[in-house]
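Step one of this worksheet: look at the structure below.
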Amino acid sequence: VARGTADFGLSFTGSQDAALRFQALTRERYVLAMPRDHAWAHRAEVPWADLAGQRLVSVSNRSSNRLLLDQAMAGLPGQPVAWYECNHVTGALALVEAGLGLAALPQLALPPDHPRLRGAALIDPDLWRTLGLLQRRDRALSPAAAALHERLVRTYASG
C-alpha cells in the first residue's frame with residue numbers, strides 16, 4: 001500500500017506514515033489455541049500467568065502479532081517460553097494440531113468449528129487488536145477496489 005502497488009490493504013496496525021489512512025473495521029481478542037482433548041479445553045478463559053511452564057508455539061519475532069504478545073507477557077512473573085516458532089499463524093495452528101504445544105493467536109485465526117482445536121480467551125491482561133483498512137491518502141481507488149472497500153466497510157459496520 002505504501003509503495004502504491006496495492007489500492008488498499010487489510011491490517012491490524014495503524015500506520016505512523018502520514019501518507020496512509022487507517023480505517024478501523026472490527027476488534028478481535030487473542031485466544032489460547034489448544035487440542036480439544038487438552039486438560040484446559042473445558043475452560044472459557046485462561047490467565048496468561050497459567051502459561052508459565054507450558055510448551056508454547058509462537059509466531060516469529062518479526063511478526064506484529066509477536067510484538068503484541070511479548071508486550072502482554074512482559075509483566076508476568078513466570079515468563080512463558082516458546083518451544084517452537086513459526087513465520088505464520090497457520091504454521092502455529094498446525095503445530096498445535098500436531099500436539100507440540102499451545103499457541104496465543106488472534107481469535108479469527110481459529111475457526112470455532114475446528115475439528116481438533118479450540119480456543120479459550122486469554123485474560124489478565126485481556127489482549128485485543130483492531131483490524132482495519134489501510135489506504136494511501138493521495139490515491140483514488142479503482143472502481144473494483146472501491147466496490148470491495150465499500151463492501152468491507154458495510155459488512156463490518158452492520159456486524
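Residue numbering restarts at 1 for every chain of the C-alpha cells, chains are lettered A, B, ... in their displayed order, and ligands are numbered from 1 as they appear.
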*Extract, using only C-alpha atoms, all DNA, RNA and protein residues at most 10 Å from range 17-27 of chain A, discarding same-chain residues fewer than 4 positions from it, and format them as a PyMOL selection string.*
chain A and resi 1-2+8-13+107-108+128-139+152-157+159
Please return as a CSV table (one decimal) with C-alpha atoms, in the first residue's frame: the residues of range 15-96 of chain A that backbone DSSP assigns to helix (DSSP H, G or I).
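Output file part-v4.csv follows:
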```csv
chain,number,residue,atom,x,y,z
A,48,TRP,CA,-1.6,-15.5,30.9
A,49,ALA,CA,0.1,-16.5,34.1
A,50,ASP,CA,-1.1,-20.1,33.7
A,51,LEU,CA,1.1,-20.4,30.6
A,64,SER,CA,3.5,-7.7,14.5
A,65,ASN,CA,1.4,-10.3,16.4
A,66,ARG,CA,4.6,-11.3,18.3
A,67,LEU,CA,5.1,-7.7,19.4
A,68,LEU,CA,1.7,-7.5,21.0
A,69,LEU,CA,2.2,-11.0,22.6
A,70,ASP,CA,5.6,-10.0,24.0
A,71,GLN,CA,4.1,-6.8,25.5
A,72,ALA,CA,1.2,-8.8,27.1
A,73,MET,CA,3.7,-11.3,28.7
A,89,VAL,CA,-0.2,-18.1,12.2
A,90,THR,CA,-1.3,-21.1,10.1
A,91,GLY,CA,2.0,-22.8,10.9
A,92,ALA,CA,1.4,-22.3,14.6
A,93,LEU,CA,-2.0,-23.8,14.3
A,94,ALA,CA,-0.5,-26.9,12.5
A,95,LEU,CA,2.0,-27.4,15.3
A,96,VAL,CA,-0.8,-27.1,18.0
```
*Between CA of Leu76 in chain A and CA of Pro125 in chain A, distance in Å (one decimal)*: 9.7 Å
As a short mmCIF file (atom, residue, chain, number, x, y, z; two decimals) with N, CA, C and O atoms, in the first residue's frame, please: every residue in range 31-104 of chain A that DSSP puts in strand (DSSP E or B).
```cif
data_model
loop_
_atom_site.label_atom_id
_atom_site.label_comp_id
_atom_site.auth_asym_id
_atom_site.auth_seq_id
_atom_site.Cartn_x
_atom_site.Cartn_y
_atom_site.Cartn_z
N VAL A 31 -6.69 -15.55 21.75
CA VAL A 31 -7.13 -16.76 22.43
C VAL A 31 -5.97 -17.74 22.52
O VAL A 31 -4.99 -17.65 21.79
N LEU A 32 -6.12 -18.68 23.42
CA LEU A 32 -5.16 -19.77 23.52
C LEU A 32 -5.69 -20.93 22.70
O LEU A 32 -6.76 -21.47 23.00
N ALA A 33 -4.98 -21.29 21.65
CA ALA A 33 -5.36 -22.43 20.82
C ALA A 33 -4.77 -23.70 21.45
O ALA A 33 -3.60 -23.73 21.81
N MET A 34 -5.63 -24.72 21.55
CA MET A 34 -5.20 -25.98 22.18
C MET A 34 -5.98 -27.14 21.57
O MET A 34 -7.05 -26.94 21.01
N PRO A 35 -5.43 -28.34 21.67
CA PRO A 35 -6.18 -29.51 21.20
C PRO A 35 -7.47 -29.67 22.01
O PRO A 35 -7.53 -29.33 23.19
N GLU A 45 -11.81 -19.26 29.65
CA GLU A 45 -10.75 -18.26 29.79
C GLU A 45 -9.52 -18.90 30.42
O GLU A 45 -9.65 -19.81 31.25
N VAL A 46 -8.36 -18.38 30.04
CA VAL A 46 -7.10 -18.84 30.62
C VAL A 46 -6.27 -17.59 30.93
O VAL A 46 -5.98 -16.81 30.02
N PRO A 47 -5.88 -17.40 32.19
CA PRO A 47 -4.99 -16.28 32.51
C PRO A 47 -3.60 -16.51 31.90
O PRO A 47 -3.11 -17.65 31.87
N ARG A 55 4.38 -25.73 27.14
CA ARG A 55 5.05 -25.70 25.83
C ARG A 55 4.24 -24.80 24.91
O ARG A 55 3.08 -25.08 24.63
N LEU A 56 4.86 -23.72 24.46
CA LEU A 56 4.16 -22.78 23.59
C LEU A 56 4.73 -22.80 22.19
O LEU A 56 5.92 -23.02 21.98
N VAL A 57 3.85 -22.52 21.26
CA VAL A 57 4.22 -22.30 19.86
C VAL A 57 4.00 -20.81 19.64
O VAL A 57 2.97 -20.26 20.04
N SER A 58 4.95 -20.15 19.02
CA SER A 58 4.84 -18.71 18.82
C SER A 58 5.07 -18.35 17.37
O SER A 58 5.71 -19.10 16.62
N VAL A 59 4.56 -17.19 16.99
CA VAL A 59 4.89 -16.65 15.67
C VAL A 59 6.25 -15.96 15.77
O VAL A 59 6.71 -15.64 16.86
N VAL A 81 7.62 -19.68 27.73
CA VAL A 81 8.73 -19.86 26.79
C VAL A 81 8.22 -20.57 25.55
O VAL A 81 7.54 -21.59 25.64
N ALA A 82 8.56 -20.01 24.40
CA ALA A 82 8.18 -20.65 23.14
C ALA A 82 9.17 -21.76 22.81
O ALA A 82 10.37 -21.54 22.75
N TRP A 83 8.64 -22.96 22.63
CA TRP A 83 9.46 -24.11 22.24
C TRP A 83 9.64 -24.16 20.73
O TRP A 83 10.62 -24.68 20.23
N TYR A 84 8.63 -23.64 20.03
CA TYR A 84 8.64 -23.64 18.57
C TYR A 84 8.25 -22.25 18.09
O TYR A 84 7.43 -21.58 18.73
N GLU A 85 8.81 -21.86 16.96
CA GLU A 85 8.49 -20.56 16.38
C GLU A 85 8.18 -20.75 14.91
O GLU A 85 8.87 -21.51 14.21
N CYS A 86 7.12 -20.07 14.43
CA CYS A 86 6.69 -20.18 13.04
C CYS A 86 6.64 -18.79 12.41
O CYS A 86 6.49 -17.79 13.11
N LEU A 102 0.86 -25.24 22.79
CA LEU A 102 -0.29 -24.34 22.79
C LEU A 102 0.15 -23.04 22.13
O LEU A 102 1.33 -22.72 22.12
N ALA A 103 -0.80 -22.25 21.62
CA ALA A 103 -0.42 -21.00 20.95
C ALA A 103 -1.41 -19.89 21.26
O ALA A 103 -2.61 -20.11 21.26
N ALA A 104 -0.88 -18.71 21.53
CA ALA A 104 -1.69 -17.50 21.67
C ALA A 104 -1.83 -16.90 20.28
O ALA A 104 -0.85 -16.52 19.65
#
```
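Our summary of the geometry notes that CA of Arg62 in chain A is positioned 19.4 Å from CA of Gln79 in chain A.
For the pair CA of Pro80 in chain A and CA of Gly101 in chain A, the interatomic distance is 11.7 Å.
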Extract, using only C-alpha atoms, all DNA, RNA and protein residues at most 8 Å from Ala41 in chain A, discarding same-chain residues fewer than 4 positions from it, and format them as a PDB file with N, CA, C and O atoms, in the first residue's frame.
```pdb
ATOM      1  N   MET A  34      -5.629 -24.718  21.551  1.00  0.00           N
ATOM      2  CA  MET A  34      -5.202 -25.979  22.179  1.00  0.00           C
ATOM      3  C   MET A  34      -5.975 -27.144  21.568  1.00  0.00           C
ATOM      4  O   MET A  34      -7.054 -26.941  21.006  1.00  0.00           O
ATOM      5  N   PRO A  35      -5.434 -28.341  21.674  1.00  0.00           N
ATOM      6  CA  PRO A  35      -6.179 -29.514  21.203  1.00  0.00           C
ATOM      7  C   PRO A  35      -7.470 -29.671  22.012  1.00  0.00           C
ATOM      8  O   PRO A  35      -7.533 -29.325  23.192  1.00  0.00           O
ATOM      9  N   ARG A  36      -8.486 -30.206  21.372  1.00  0.00           N
ATOM     10  CA  ARG A  36      -9.783 -30.397  22.044  1.00  0.00           C
ATOM     11  C   ARG A  36      -9.696 -31.358  23.224  1.00  0.00           C
ATOM     12  O   ARG A  36     -10.552 -31.336  24.106  1.00  0.00           O
ATOM     13  N   ASP A  37      -8.649 -32.190  23.289  1.00  0.00           N
ATOM     14  CA  ASP A  37      -8.504 -33.115  24.412  1.00  0.00           C
ATOM     15  C   ASP A  37      -7.537 -32.599  25.490  1.00  0.00           C
ATOM     16  O   ASP A  37      -7.192 -33.320  26.415  1.00  0.00           O
ATOM     17  N   ARG A 118      -9.551 -25.964  19.833  1.00  0.00           N
ATOM     18  CA  ARG A 118     -10.491 -24.981  20.361  1.00  0.00           C
ATOM     19  C   ARG A 118      -9.700 -23.852  20.976  1.00  0.00           C
ATOM     20  O   ARG A 118      -8.510 -23.986  21.228  1.00  0.00           O
ATOM     21  N   GLY A 119     -10.375 -22.751  21.217  1.00  0.00           N
ATOM     22  CA  GLY A 119      -9.714 -21.592  21.801  1.00  0.00           C
ATOM     23  C   GLY A 119     -10.376 -21.168  23.089  1.00  0.00           C
ATOM     24  O   GLY A 119     -11.579 -21.372  23.285  1.00  0.00           O
ATOM     25  N   ALA A 120      -9.586 -20.601  23.968  1.00  0.00           N
ATOM     26  CA  ALA A 120     -10.085 -20.017  25.212  1.00  0.00           C
ATOM     27  C   ALA A 120      -9.516 -18.603  25.292  1.00  0.00           C
ATOM     28  O   ALA A 120      -8.339 -18.385  24.964  1.00  0.00           O
TER      29      ALA A 120
END
```
_For Pro77 in chain A, the nearest of the candidates A:Pro115, A:Gly4, A:Pro143, A:Gly53, counting only C-alpha atoms_ =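 Residue with the minimum atom-to-atom distance to Pro77 in chain A: A:Gly53.
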